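So this one's structure16.cif, mmCIF, C-alpha atoms and all ligand atoms:
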data_entry
#
loop_
_atom_site.label_atom_id
_atom_site.label_comp_id
_atom_site.auth_asym_id
_atom_site.auth_seq_id
_atom_site.Cartn_x
_atom_site.Cartn_y
_atom_site.Cartn_z
CA MET A 594 -40.31 118.64 96.53
CA ALA A 595 -40.38 115.00 95.48
CA ASP A 596 -37.64 113.04 97.19
CA LEU A 597 -38.18 109.64 95.66
CA ILE A 598 -39.86 108.80 92.38
CA LEU A 599 -40.68 105.34 91.10
CA ASP A 600 -41.66 105.66 87.48
CA ASN A 601 -43.45 102.71 85.92
CA LEU A 602 -41.19 100.28 87.74
CA SER A 603 -41.40 96.60 86.78
CA ILE A 604 -39.34 93.78 88.24
CA ASN A 605 -39.32 90.30 86.75
CA TYR A 606 -37.77 87.08 88.02
CA GLY A 607 -37.41 85.16 84.77
CA SER A 608 -40.88 85.18 83.25
CA TYR A 609 -42.57 86.00 86.58
CA ASN A 610 -43.71 89.64 87.09
CA ALA A 611 -43.08 90.26 90.79
CA VAL A 612 -43.74 94.02 90.40
CA SER A 613 -45.72 95.54 87.52
CA GLU A 614 -45.68 99.20 86.47
CA VAL A 615 -45.49 100.72 89.95
CA SER A 616 -45.41 104.53 90.01
CA LEU A 617 -45.03 106.53 93.22
CA THR A 618 -43.96 110.08 94.06
CA ILE A 619 -42.84 110.43 97.66
CA PRO A 620 -42.31 113.98 99.01
CA LYS A 621 -39.42 114.85 101.32
CA GLY A 622 -39.97 113.74 104.90
CA GLU A 623 -42.92 111.47 104.11
CA PHE A 624 -43.43 108.13 105.84
CA LEU A 625 -44.88 105.93 103.11
CA THR A 626 -45.85 102.31 103.72
CA LEU A 627 -46.03 99.52 101.16
CA LEU A 628 -48.73 97.25 102.58
CA GLY A 629 -50.01 93.98 101.19
CA PRO A 630 -50.24 90.23 101.65
CA SER A 631 -47.23 87.95 101.54
CA GLY A 632 -45.72 87.71 98.06
CA CYS A 633 -47.35 90.89 96.68
CA GLY A 634 -43.97 92.44 95.78
CA LYS A 635 -43.32 94.83 98.71
CA SER A 636 -39.79 93.65 99.53
CA THR A 637 -38.90 93.32 95.86
CA THR A 638 -39.85 97.00 95.37
CA LEU A 639 -37.86 98.06 98.44
CA PHE A 640 -34.79 96.09 97.39
CA ALA A 641 -34.89 97.64 93.93
CA ILE A 642 -34.88 101.11 95.54
CA SER A 643 -31.87 100.12 97.66
CA GLY A 644 -30.09 98.63 94.63
CA LEU A 645 -29.82 95.15 96.20
CA ASN A 646 -31.84 93.77 93.32
CA HIS A 647 -32.29 95.03 89.80
CA ALA A 648 -35.46 96.41 88.33
CA THR A 649 -36.36 95.19 84.84
CA SER A 650 -37.76 98.43 83.43
CA GLY A 651 -38.92 101.89 84.47
CA ALA A 652 -36.91 104.36 86.54
CA ILE A 653 -36.01 105.26 90.14
CA ARG A 654 -34.99 108.82 90.97
CA MET A 655 -33.97 110.33 94.30
CA GLY A 656 -33.99 114.13 94.30
CA ASN A 657 -32.17 115.03 91.07
CA ARG A 658 -30.25 111.75 90.88
CA VAL A 659 -31.18 108.85 88.63
CA LEU A 660 -30.58 105.63 90.59
CA PHE A 661 -31.98 103.34 87.94
CA ASP A 662 -33.20 103.84 84.40
CA GLY A 663 -34.15 100.85 82.28
CA LYS A 664 -33.99 102.86 79.04
CA THR A 665 -30.49 104.30 79.51
CA LYS A 666 -29.33 101.19 81.44
CA THR A 667 -28.27 103.38 84.39
CA VAL A 668 -27.74 101.38 87.59
CA VAL A 669 -26.15 103.13 90.58
CA PRO A 670 -24.57 100.53 92.93
CA PRO A 671 -26.17 100.23 96.40
CA GLU A 672 -23.23 101.75 98.30
CA GLN A 673 -23.46 104.94 96.22
CA ARG A 674 -27.19 105.46 96.76
CA ASN A 675 -26.99 107.01 100.25
CA ILE A 676 -29.85 104.88 101.52
CA GLY A 677 -30.24 103.32 104.99
CA LEU A 678 -31.81 99.85 105.06
CA VAL A 679 -33.16 97.89 108.02
CA PHE A 680 -34.38 94.32 107.61
CA GLN A 681 -36.70 92.14 109.59
CA SER A 682 -33.75 90.13 110.93
CA TYR A 683 -31.56 92.83 112.40
CA ALA A 684 -28.49 91.38 110.67
CA LEU A 685 -26.03 92.85 113.15
CA TRP A 686 -22.56 91.35 112.87
CA PRO A 687 -22.35 89.02 115.88
CA HIS A 688 -18.58 89.27 116.30
CA MET A 689 -18.64 93.08 116.51
CA SER A 690 -19.69 95.26 119.42
CA VAL A 691 -22.53 97.75 118.97
CA ALA A 692 -20.02 100.57 118.32
CA GLU A 693 -18.09 98.43 115.81
CA ASN A 694 -21.33 97.55 114.01
CA LEU A 695 -21.99 101.26 113.58
CA ALA A 696 -18.40 102.05 112.61
CA PHE A 697 -18.49 99.58 109.74
CA PRO A 698 -20.58 101.62 107.25
CA LEU A 699 -18.57 104.72 108.19
CA LYS A 700 -15.25 102.97 107.47
CA LEU A 701 -16.66 101.85 104.12
CA ARG A 702 -17.32 105.50 103.35
CA LYS A 703 -13.79 106.43 104.46
CA ILE A 704 -14.93 108.73 107.26
CA GLY A 705 -12.12 109.74 109.66
CA ARG A 706 -11.82 108.29 113.17
CA ALA A 707 -12.84 111.41 115.13
CA GLU A 708 -15.90 111.96 112.94
CA GLN A 709 -16.77 108.25 113.24
CA ASP A 710 -16.78 108.47 117.05
CA LYS A 711 -18.94 111.59 116.98
CA ARG A 712 -21.51 110.07 114.62
CA ILE A 713 -21.66 106.74 116.46
CA LYS A 714 -22.33 108.56 119.72
CA GLU A 715 -25.03 110.70 118.07
CA ALA A 716 -26.73 107.74 116.39
CA LEU A 717 -26.76 105.67 119.59
CA GLU A 718 -28.17 108.61 121.53
CA LEU A 719 -30.90 108.98 118.93
CA VAL A 720 -32.07 105.41 119.52
CA GLU A 721 -31.46 105.64 123.28
CA MET A 722 -28.70 103.00 123.21
CA ALA A 723 -25.60 105.06 124.11
CA LYS A 724 -25.03 102.96 127.26
CA PHE A 725 -24.71 99.77 125.23
CA ALA A 726 -21.92 100.78 122.84
CA GLU A 727 -19.48 98.11 124.07
CA ARG A 728 -21.97 95.24 124.24
CA TYR A 729 -22.20 92.47 121.65
CA PRO A 730 -25.48 91.71 119.85
CA PHE A 731 -26.05 88.46 121.83
CA GLU A 732 -26.02 90.57 125.01
CA LEU A 733 -29.02 92.61 123.80
CA SER A 734 -32.77 91.95 123.71
CA GLY A 735 -34.61 91.80 120.37
CA GLY A 736 -35.92 95.35 120.83
CA GLN A 737 -32.44 96.66 121.63
CA GLN A 738 -30.93 94.90 118.61
CA GLN A 739 -33.60 96.45 116.42
CA ARG A 740 -32.64 99.91 117.74
CA VAL A 741 -28.98 99.25 117.00
CA ALA A 742 -29.87 98.11 113.47
CA LEU A 743 -31.75 101.37 113.02
CA ALA A 744 -28.81 103.38 114.41
CA ARG A 745 -26.51 101.59 111.96
CA ALA A 746 -28.81 102.59 109.08
CA LEU A 747 -28.89 106.21 110.28
CA VAL A 748 -25.24 106.65 111.24
CA TYR A 749 -24.09 107.82 107.80
CA ARG A 750 -27.06 110.22 107.54
CA PRO A 751 -28.82 108.64 104.58
CA GLY A 752 -31.14 110.67 102.39
CA LEU A 753 -33.69 107.86 102.45
CA LEU A 754 -34.58 105.19 105.00
CA LEU A 755 -35.96 101.82 103.88
CA LEU A 756 -37.48 99.57 106.54
CA ASP A 757 -38.53 96.00 105.73
CA GLU A 758 -40.78 94.67 108.52
CA PRO A 759 -38.30 95.93 111.13
CA LEU A 760 -40.61 95.26 114.07
CA SER A 761 -41.90 91.80 113.21
CA ASN A 762 -39.54 89.94 115.54
CA LEU A 763 -40.79 91.86 118.57
CA ASP A 764 -43.63 90.70 120.79
CA ALA A 765 -46.99 92.45 120.40
CA LYS A 766 -46.64 94.94 123.27
CA LEU A 767 -43.08 95.94 122.45
CA ARG A 768 -44.00 96.23 118.81
CA GLU A 769 -46.74 98.76 119.56
CA ARG A 770 -44.36 100.86 121.64
CA ALA A 771 -41.58 100.54 119.05
CA ARG A 772 -43.75 101.81 116.21
CA VAL A 773 -44.68 104.98 118.12
CA TRP A 774 -41.05 105.55 118.97
CA LEU A 775 -39.94 104.86 115.40
CA ARG A 776 -42.43 107.32 113.96
CA GLU A 777 -41.41 110.03 116.44
CA LEU A 778 -37.76 109.53 115.56
CA GLN A 779 -38.48 109.62 111.82
CA GLU A 780 -40.44 112.88 112.21
CA ARG A 781 -37.68 114.41 114.29
CA LEU A 782 -35.05 113.55 111.67
CA GLY A 783 -37.35 114.44 108.76
CA VAL A 784 -35.90 111.53 106.79
CA THR A 785 -38.02 110.27 103.89
CA THR A 786 -38.99 106.70 104.75
CA VAL A 787 -40.43 103.74 102.87
CA TYR A 788 -41.73 101.10 105.24
CA VAL A 789 -42.79 97.58 104.30
CA THR A 790 -45.32 95.62 106.34
CA HIS A 791 -48.15 93.13 105.91
CA ASP A 792 -49.68 94.34 109.20
CA GLN A 793 -52.51 96.71 108.41
CA ALA A 794 -52.87 98.01 111.98
CA GLU A 795 -49.19 98.96 111.98
CA ALA A 796 -49.53 100.65 108.58
CA LEU A 797 -52.57 102.66 109.72
CA ALA A 798 -50.78 103.74 112.90
CA VAL A 799 -47.47 104.97 111.49
CA SER A 800 -47.93 106.12 107.89
CA ASP A 801 -48.48 109.47 106.21
CA ARG A 802 -49.66 107.50 103.19
CA ILE A 803 -50.14 103.84 102.39
CA ALA A 804 -49.76 102.09 99.04
CA VAL A 805 -51.80 98.89 99.19
CA MET A 806 -50.22 96.27 96.91
CA ASP A 807 -51.57 93.05 95.47
CA THR A 808 -49.86 90.76 92.95
CA GLY A 809 -47.18 93.31 92.09
CA ARG A 810 -49.48 96.28 91.58
CA ILE A 811 -50.66 99.23 93.66
CA ARG A 812 -54.39 98.84 94.29
CA GLN A 813 -54.77 102.11 96.20
CA LEU A 814 -52.58 104.97 97.40
CA GLY A 815 -53.89 107.27 100.11
CA THR A 816 -53.78 108.44 103.71
CA PRO A 817 -54.66 105.83 106.35
CA LYS A 818 -58.09 107.50 106.75
CA GLU A 819 -58.81 107.49 103.01
CA ILE A 820 -57.79 103.86 102.66
CA TYR A 821 -59.86 102.77 105.65
CA GLU A 822 -62.95 104.86 104.98
CA THR A 823 -63.07 104.86 101.18
CA PRO A 824 -61.38 101.70 99.94
CA ALA A 825 -60.96 101.68 96.17
CA ASP A 826 -62.13 98.10 95.75
CA ALA A 827 -63.25 95.01 97.64
CA PHE A 828 -59.66 93.75 98.00
CA VAL A 829 -58.62 96.90 99.88
CA ALA A 830 -61.86 96.90 101.90
CA ASP A 831 -61.12 93.38 103.04
CA PHE A 832 -57.38 93.73 103.57
CA ILE A 833 -57.57 96.94 105.62
CA GLY A 834 -59.53 96.28 108.77
CA SER A 835 -62.12 93.67 107.95
CA SER A 836 -65.25 93.88 105.88
CA ASN A 837 -68.43 91.91 105.40
CA PHE A 838 -69.63 91.33 101.89
CA LEU A 839 -73.38 91.03 101.31
CA THR A 840 -74.08 89.73 97.80
CA GLY A 841 -76.90 91.14 95.70
CA THR A 842 -78.00 92.68 92.42
CA VAL A 843 -78.42 96.38 91.63
CA VAL A 844 -82.05 97.26 90.89
CA ASP A 845 -81.53 100.95 90.18
CA ARG A 846 -79.31 103.82 91.23
CA ALA A 847 -79.57 107.59 91.42
CA ALA A 848 -77.54 110.39 93.02
CA GLY A 849 -74.88 108.08 94.38
CA ILE A 850 -77.34 105.74 96.12
CA ALA A 851 -78.10 102.29 94.71
CA ASN A 852 -81.01 100.01 95.58
CA VAL A 853 -79.70 96.49 95.87
CA ARG A 854 -81.73 93.28 96.10
CA LEU A 855 -79.99 90.81 98.38
CA GLU A 856 -80.23 87.09 97.71
CA ASP A 857 -83.30 86.59 99.97
CA GLY A 858 -85.13 89.53 98.33
CA THR A 859 -84.37 92.11 101.06
CA MET A 860 -83.85 95.58 99.55
CA ILE A 861 -80.86 97.58 100.80
CA LYS A 862 -79.77 101.11 99.94
CA ALA A 863 -76.01 101.43 99.60
CA ASN A 864 -73.63 104.24 99.05
CA THR A 865 -71.97 105.10 95.70
CA GLY A 866 -70.55 102.52 93.29
CA ARG A 867 -70.38 102.69 89.53
CA ASN A 868 -72.42 99.56 88.99
CA GLY A 869 -75.55 99.69 86.86
CA ALA A 870 -78.89 97.83 86.98
CA ASP A 871 -78.82 94.02 86.91
CA GLU A 872 -75.19 93.95 87.93
CA LYS A 873 -74.01 91.46 90.53
CA VAL A 874 -72.39 93.35 93.39
CA VAL A 875 -71.13 93.00 96.92
CA ILE A 876 -71.96 95.54 99.60
CA ALA A 877 -68.89 95.98 101.80
CA VAL A 878 -69.66 97.01 105.37
CA ARG A 879 -67.44 96.88 108.43
CA PRO A 880 -68.47 94.66 111.38
CA GLU A 881 -68.42 97.62 113.80
CA ARG A 882 -70.81 99.61 111.60
CA LEU A 883 -73.61 97.01 111.51
CA GLN A 884 -76.21 97.48 114.28
CA ILE A 885 -78.45 94.93 115.95
CA VAL A 886 -81.93 96.54 116.18
CA GLY A 887 -85.26 95.55 117.73
CA SER A 888 -87.44 95.14 114.63
CA ALA A 889 -87.64 94.99 110.83
CA GLY A 890 -87.46 98.25 108.88
CA GLU A 891 -85.66 100.08 106.09
CA ASN A 892 -82.16 98.72 105.39
CA VAL A 893 -82.66 95.96 107.92
CA VAL A 894 -81.66 92.34 107.26
CA GLN A 895 -83.03 89.35 109.17
CA ALA A 896 -80.26 87.11 110.41
CA THR A 897 -79.51 84.09 112.55
CA VAL A 898 -76.70 84.09 115.11
CA GLN A 899 -74.34 81.17 114.42
CA GLY A 900 -71.75 81.89 117.09
CA GLY A 901 -70.07 84.62 119.04
CA SER A 902 -67.02 85.56 121.03
CA TYR A 903 -66.00 88.19 123.54
CA LEU A 904 -63.03 90.18 122.21
CA GLY A 905 -62.27 92.19 125.34
CA SER A 906 -63.76 95.53 124.37
CA VAL A 907 -66.63 94.24 122.17
CA TYR A 908 -68.66 91.15 121.37
CA GLN A 909 -68.37 89.72 117.88
CA TYR A 910 -71.10 87.54 116.36
CA GLU A 911 -71.09 85.42 113.21
CA LEU A 912 -74.45 85.64 111.46
CA THR A 913 -76.12 84.25 108.39
CA GLY A 914 -78.87 86.14 106.59
CA ALA A 915 -79.93 87.43 103.17
CA GLY A 916 -77.82 84.71 101.53
CA SER A 917 -74.54 85.86 103.10
CA THR A 918 -72.41 85.16 106.15
CA PHE A 919 -71.21 88.20 108.08
CA ARG A 920 -69.85 89.47 111.39
CA VAL A 921 -71.24 92.13 113.72
CA GLN A 922 -69.32 93.81 116.53
CA THR A 923 -71.37 95.31 119.33
CA ALA A 924 -70.80 96.63 122.83
CA ARG A 925 -73.81 94.66 124.17
CA GLU A 926 -74.16 90.92 124.53
CA VAL A 927 -76.83 89.40 122.25
CA ALA A 928 -79.00 86.66 123.75
CA ASP A 929 -81.43 86.06 120.82
CA LYS A 930 -80.84 83.53 118.06
CA HIS A 931 -82.88 85.47 115.47
CA VAL A 932 -82.00 89.14 115.13
CA PHE A 933 -82.50 92.19 112.91
CA VAL A 934 -79.43 93.94 111.60
CA TYR A 935 -79.41 97.54 110.36
CA VAL A 936 -77.02 98.18 107.47
CA PRO A 937 -76.28 101.95 107.48
CA PRO A 938 -76.27 103.17 103.83
CA GLU A 939 -73.50 105.68 104.58
CA ALA A 940 -71.25 102.87 105.82
CA SER A 941 -71.99 100.56 102.88
CA THR A 942 -69.96 100.62 99.70
CA LEU A 943 -70.76 98.82 96.51
CA PHE A 944 -68.17 96.89 94.53
CA ALA A 945 -68.38 94.61 91.51
CA ALA A 946 -68.89 91.04 92.75
CA GLN A 947 -65.85 89.75 90.84
CA SER A 948 -63.49 92.13 92.71
CA ARG A 949 -64.31 90.35 95.96
CA PRO A 950 -61.19 88.82 97.51
CA GLN A 951 -60.97 85.04 97.55
CA ALA A 952 -61.12 83.45 100.99
N1 LIG A 1001 -35.09 85.82 93.85
C1 LIG A 1001 -36.32 85.48 93.45
N2 LIG A 1001 -36.54 84.65 92.42
C2 LIG A 1001 -37.76 84.31 91.99
N3 LIG A 1001 -38.91 84.79 92.55
C3 LIG A 1001 -38.78 85.63 93.59
C4 LIG A 1001 -37.49 86.03 94.10
N4 LIG A 1001 -37.69 86.87 95.14
C5 LIG A 1001 -39.03 87.00 95.27
N5 LIG A 1001 -39.69 86.26 94.35
C6 LIG A 1001 -41.15 86.16 94.17
O1 LIG A 1001 -41.64 87.45 93.89
C7 LIG A 1001 -42.88 87.68 94.56
C8 LIG A 1001 -42.79 88.90 95.43
O2 LIG A 1001 -41.90 88.66 96.51
P1 LIG A 1001 -41.64 89.72 97.67
O3 LIG A 1001 -40.57 89.14 98.55
O4 LIG A 1001 -41.41 91.03 97.09
O5 LIG A 1001 -43.02 89.69 98.41
P2 LIG A 1001 -43.48 90.46 99.73
O6 LIG A 1001 -44.71 91.18 99.39
O7 LIG A 1001 -42.35 91.24 100.29
O8 LIG A 1001 -43.83 89.23 100.66
P3 LIG A 1001 -43.48 88.90 102.22
O9 LIG A 1001 -44.38 89.80 103.02
O10 LIG A 1001 -43.85 87.45 102.34
O11 LIG A 1001 -42.03 89.18 102.41
C9 LIG A 1001 -43.18 86.40 95.33
O12 LIG A 1001 -44.09 85.61 94.59
C10 LIG A 1001 -41.84 85.72 95.44
O13 LIG A 1001 -41.98 84.31 95.50
#

Spell out the structure here as structure tokens.
Amino acid sequence: MADLILDNLSINYGSYNAVSEVSLTIPKGEFLTLLGPSGCGKSTTLFAISGLNHATSGAIRMGNRVLFDGKTKTVVPPEQRNIGLVFQSYALWPHMSVAENLAFPLKLRKIGRAEQDKRIKEALELVEMAKFAERYPFELSGGQQQRVALARALVYRPGLLLLDEPLSNLDAKLRERARVWLRELQERLGVTTVYVTHDQAEALAVSDRIAVMDTGRIRQLGTPKEIYETPADAFVADFIGSSNFLTGTVVDRAAGIANVRLEDGTMIKANTGRNGADEKVVIAVRPERLQIVGSAGENVVQATVQGGSYLGSVYQYELTGAGSTFRVQTAREVADKHVFVYVPPEASTLFAAQSRPQA
């Protein structure tokens, strides 16, 4: 059953379209991530779901309830939406203890004292913070404050959880641990969750599905694997993980394989793509899929090593060749200046040259 539906949602600030015609159907219990670069409209979408800002047109439905409908001018106020929201800054009230922070939303909902105590205890146990009930926020670490903020969002048992970059104030190690913990908790509770981040590694690690956004629109919606392995366009290919783009022109194509002439005349076979003959294209290929080989051959580009670095688990080299600049990741150190690089057709995807992201 669909738990949350965004139907053709648009949100304008004056004449500026921050979000344009976004449609999403999120089933019960799903962990869906809105992922995209800064300013693409992720938070604006999330805030419209929570009711903290107003959509301009379209509709938002949760289960059978209409939360917003531009046509009928229905707008349910935030406090009646039964949604838990956690921001990047934990926004705990500094003058209240942990328990008082959690009691606040319960008092607002006129829940009796005994029930309040029971729910506060439960919520703090969920986030493993029961010992800290009497502490004040300044007496907690960033990670602990983030857990309390989450407990405060869960304490009134919301039907939907909205998380806006909740881990971004944590250091890298803690952040990795926190996202595993957060996902486990979400699965245990089965609460439908919309998560906002600009961190693609985080999105790949925690999500059931990812909606990749750019300039207010969804570019692609899919599982982490689909988005990583079959990006819908060059923007997604570049934003998720990293991609090289070799520029060329389609010579011919048949049965899903295109022959592409690169700028130095090298012919490369590449996978799929709707582009026809004479069209300018880019071949997107991930740095870890390119292979340094011993000699020239089919689908091999000649390149010159411009620089390299050791990344801990692999070496990464910047190369120029066939009219493009690209990166190769390899387990072995490369000593030669002039190298041959195999471009596996199955790991190469063709996109229209104009869809290539701007540097
Ligand atoms: N109150 C506002 N008035 C005018 N423009 C706004 C307002 N809030 C956001 N915007 C603009 O709307 C666009 C989308 O903003 P939004 O905060 O949704 O982006 P985001 O994808 O969440 O980015 P970030 O990751 O940086 O938070 C941006 O260009 C932003 O400048």

Give me the residues within 8 Å of Arg674 in chain A as number ranges by chain, counting all atoms listed in the file and dropping any in the same chain fewer than 2 places off. A: 643-644, 660, 669-672, 676

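Every protein or nucleic acid residue with an atom no more than 12 Å from Phe919 in chain A, counting only C-alpha atoms and leaving out same-chain residues fewer than 6 positions away, appears here: A:Ser835, A:Ser836, A:Asn837, A:Phe838, A:Leu839, A:Thr840, A:Ile876, A:Ala877, A:Val878, A:Arg879, A:Pro880, A:Glu881, A:Arg882, A:Leu883, A:Val894, A:Gln895, A:Ala896, A:Thr897, A:Val898, A:Gln899, A:Gly900, A:Gly901, A:Gln909, A:Tyr910, A:Glu911, A:Leu912, A:Thr913, A:Val934, A:Val936.
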
What would the list of residues within 12 Å of (-56.4, 105.7, 98.7) (file frame) look like as an MDAnalysis selection string, if all atoms listed in the file are what count? chainID A and resid 801:806 811:826 829:830 833

Please put the answer as JSON: centre and edge lengths, in Å with one decimal, of a box along x, y and z that encloses all listed atoms of ligand LIG 1001 (chain A) plus 6 Å on each side.
{"center_x": -39.9, "center_y": 87.8, "center_z": 97.5, "size_x": 21.6, "size_y": 18.9, "size_z": 23.0}

Could you give me the residues within 10 Å of ligand LIG 1001 (chain A), counting all atoms listed in the file, as a ChimeraX atom specification? /A:604-612,627-641,646,681,757-758,789-792,806-809

When you count all atoms listed in the file, which of these residues is closest to Thr942 in chain A: A:Ala924, A:Ala744, A:Val853, A:Val886?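 Ranked by minimum distance to Thr942 in chain A, first place goes to A:Val853.
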
Quote the spacing between CA of Val907 in chain A and CA of Asn892 in chain A in Å to one decimal place.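 Taking CA of Val907 in chain A and CA of Asn892 in chain A, their separation equals 23.3 Å.
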
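Between CA of Val844 in chain A and CA of Val932 in chain A lies a distance of 25.6 Å.
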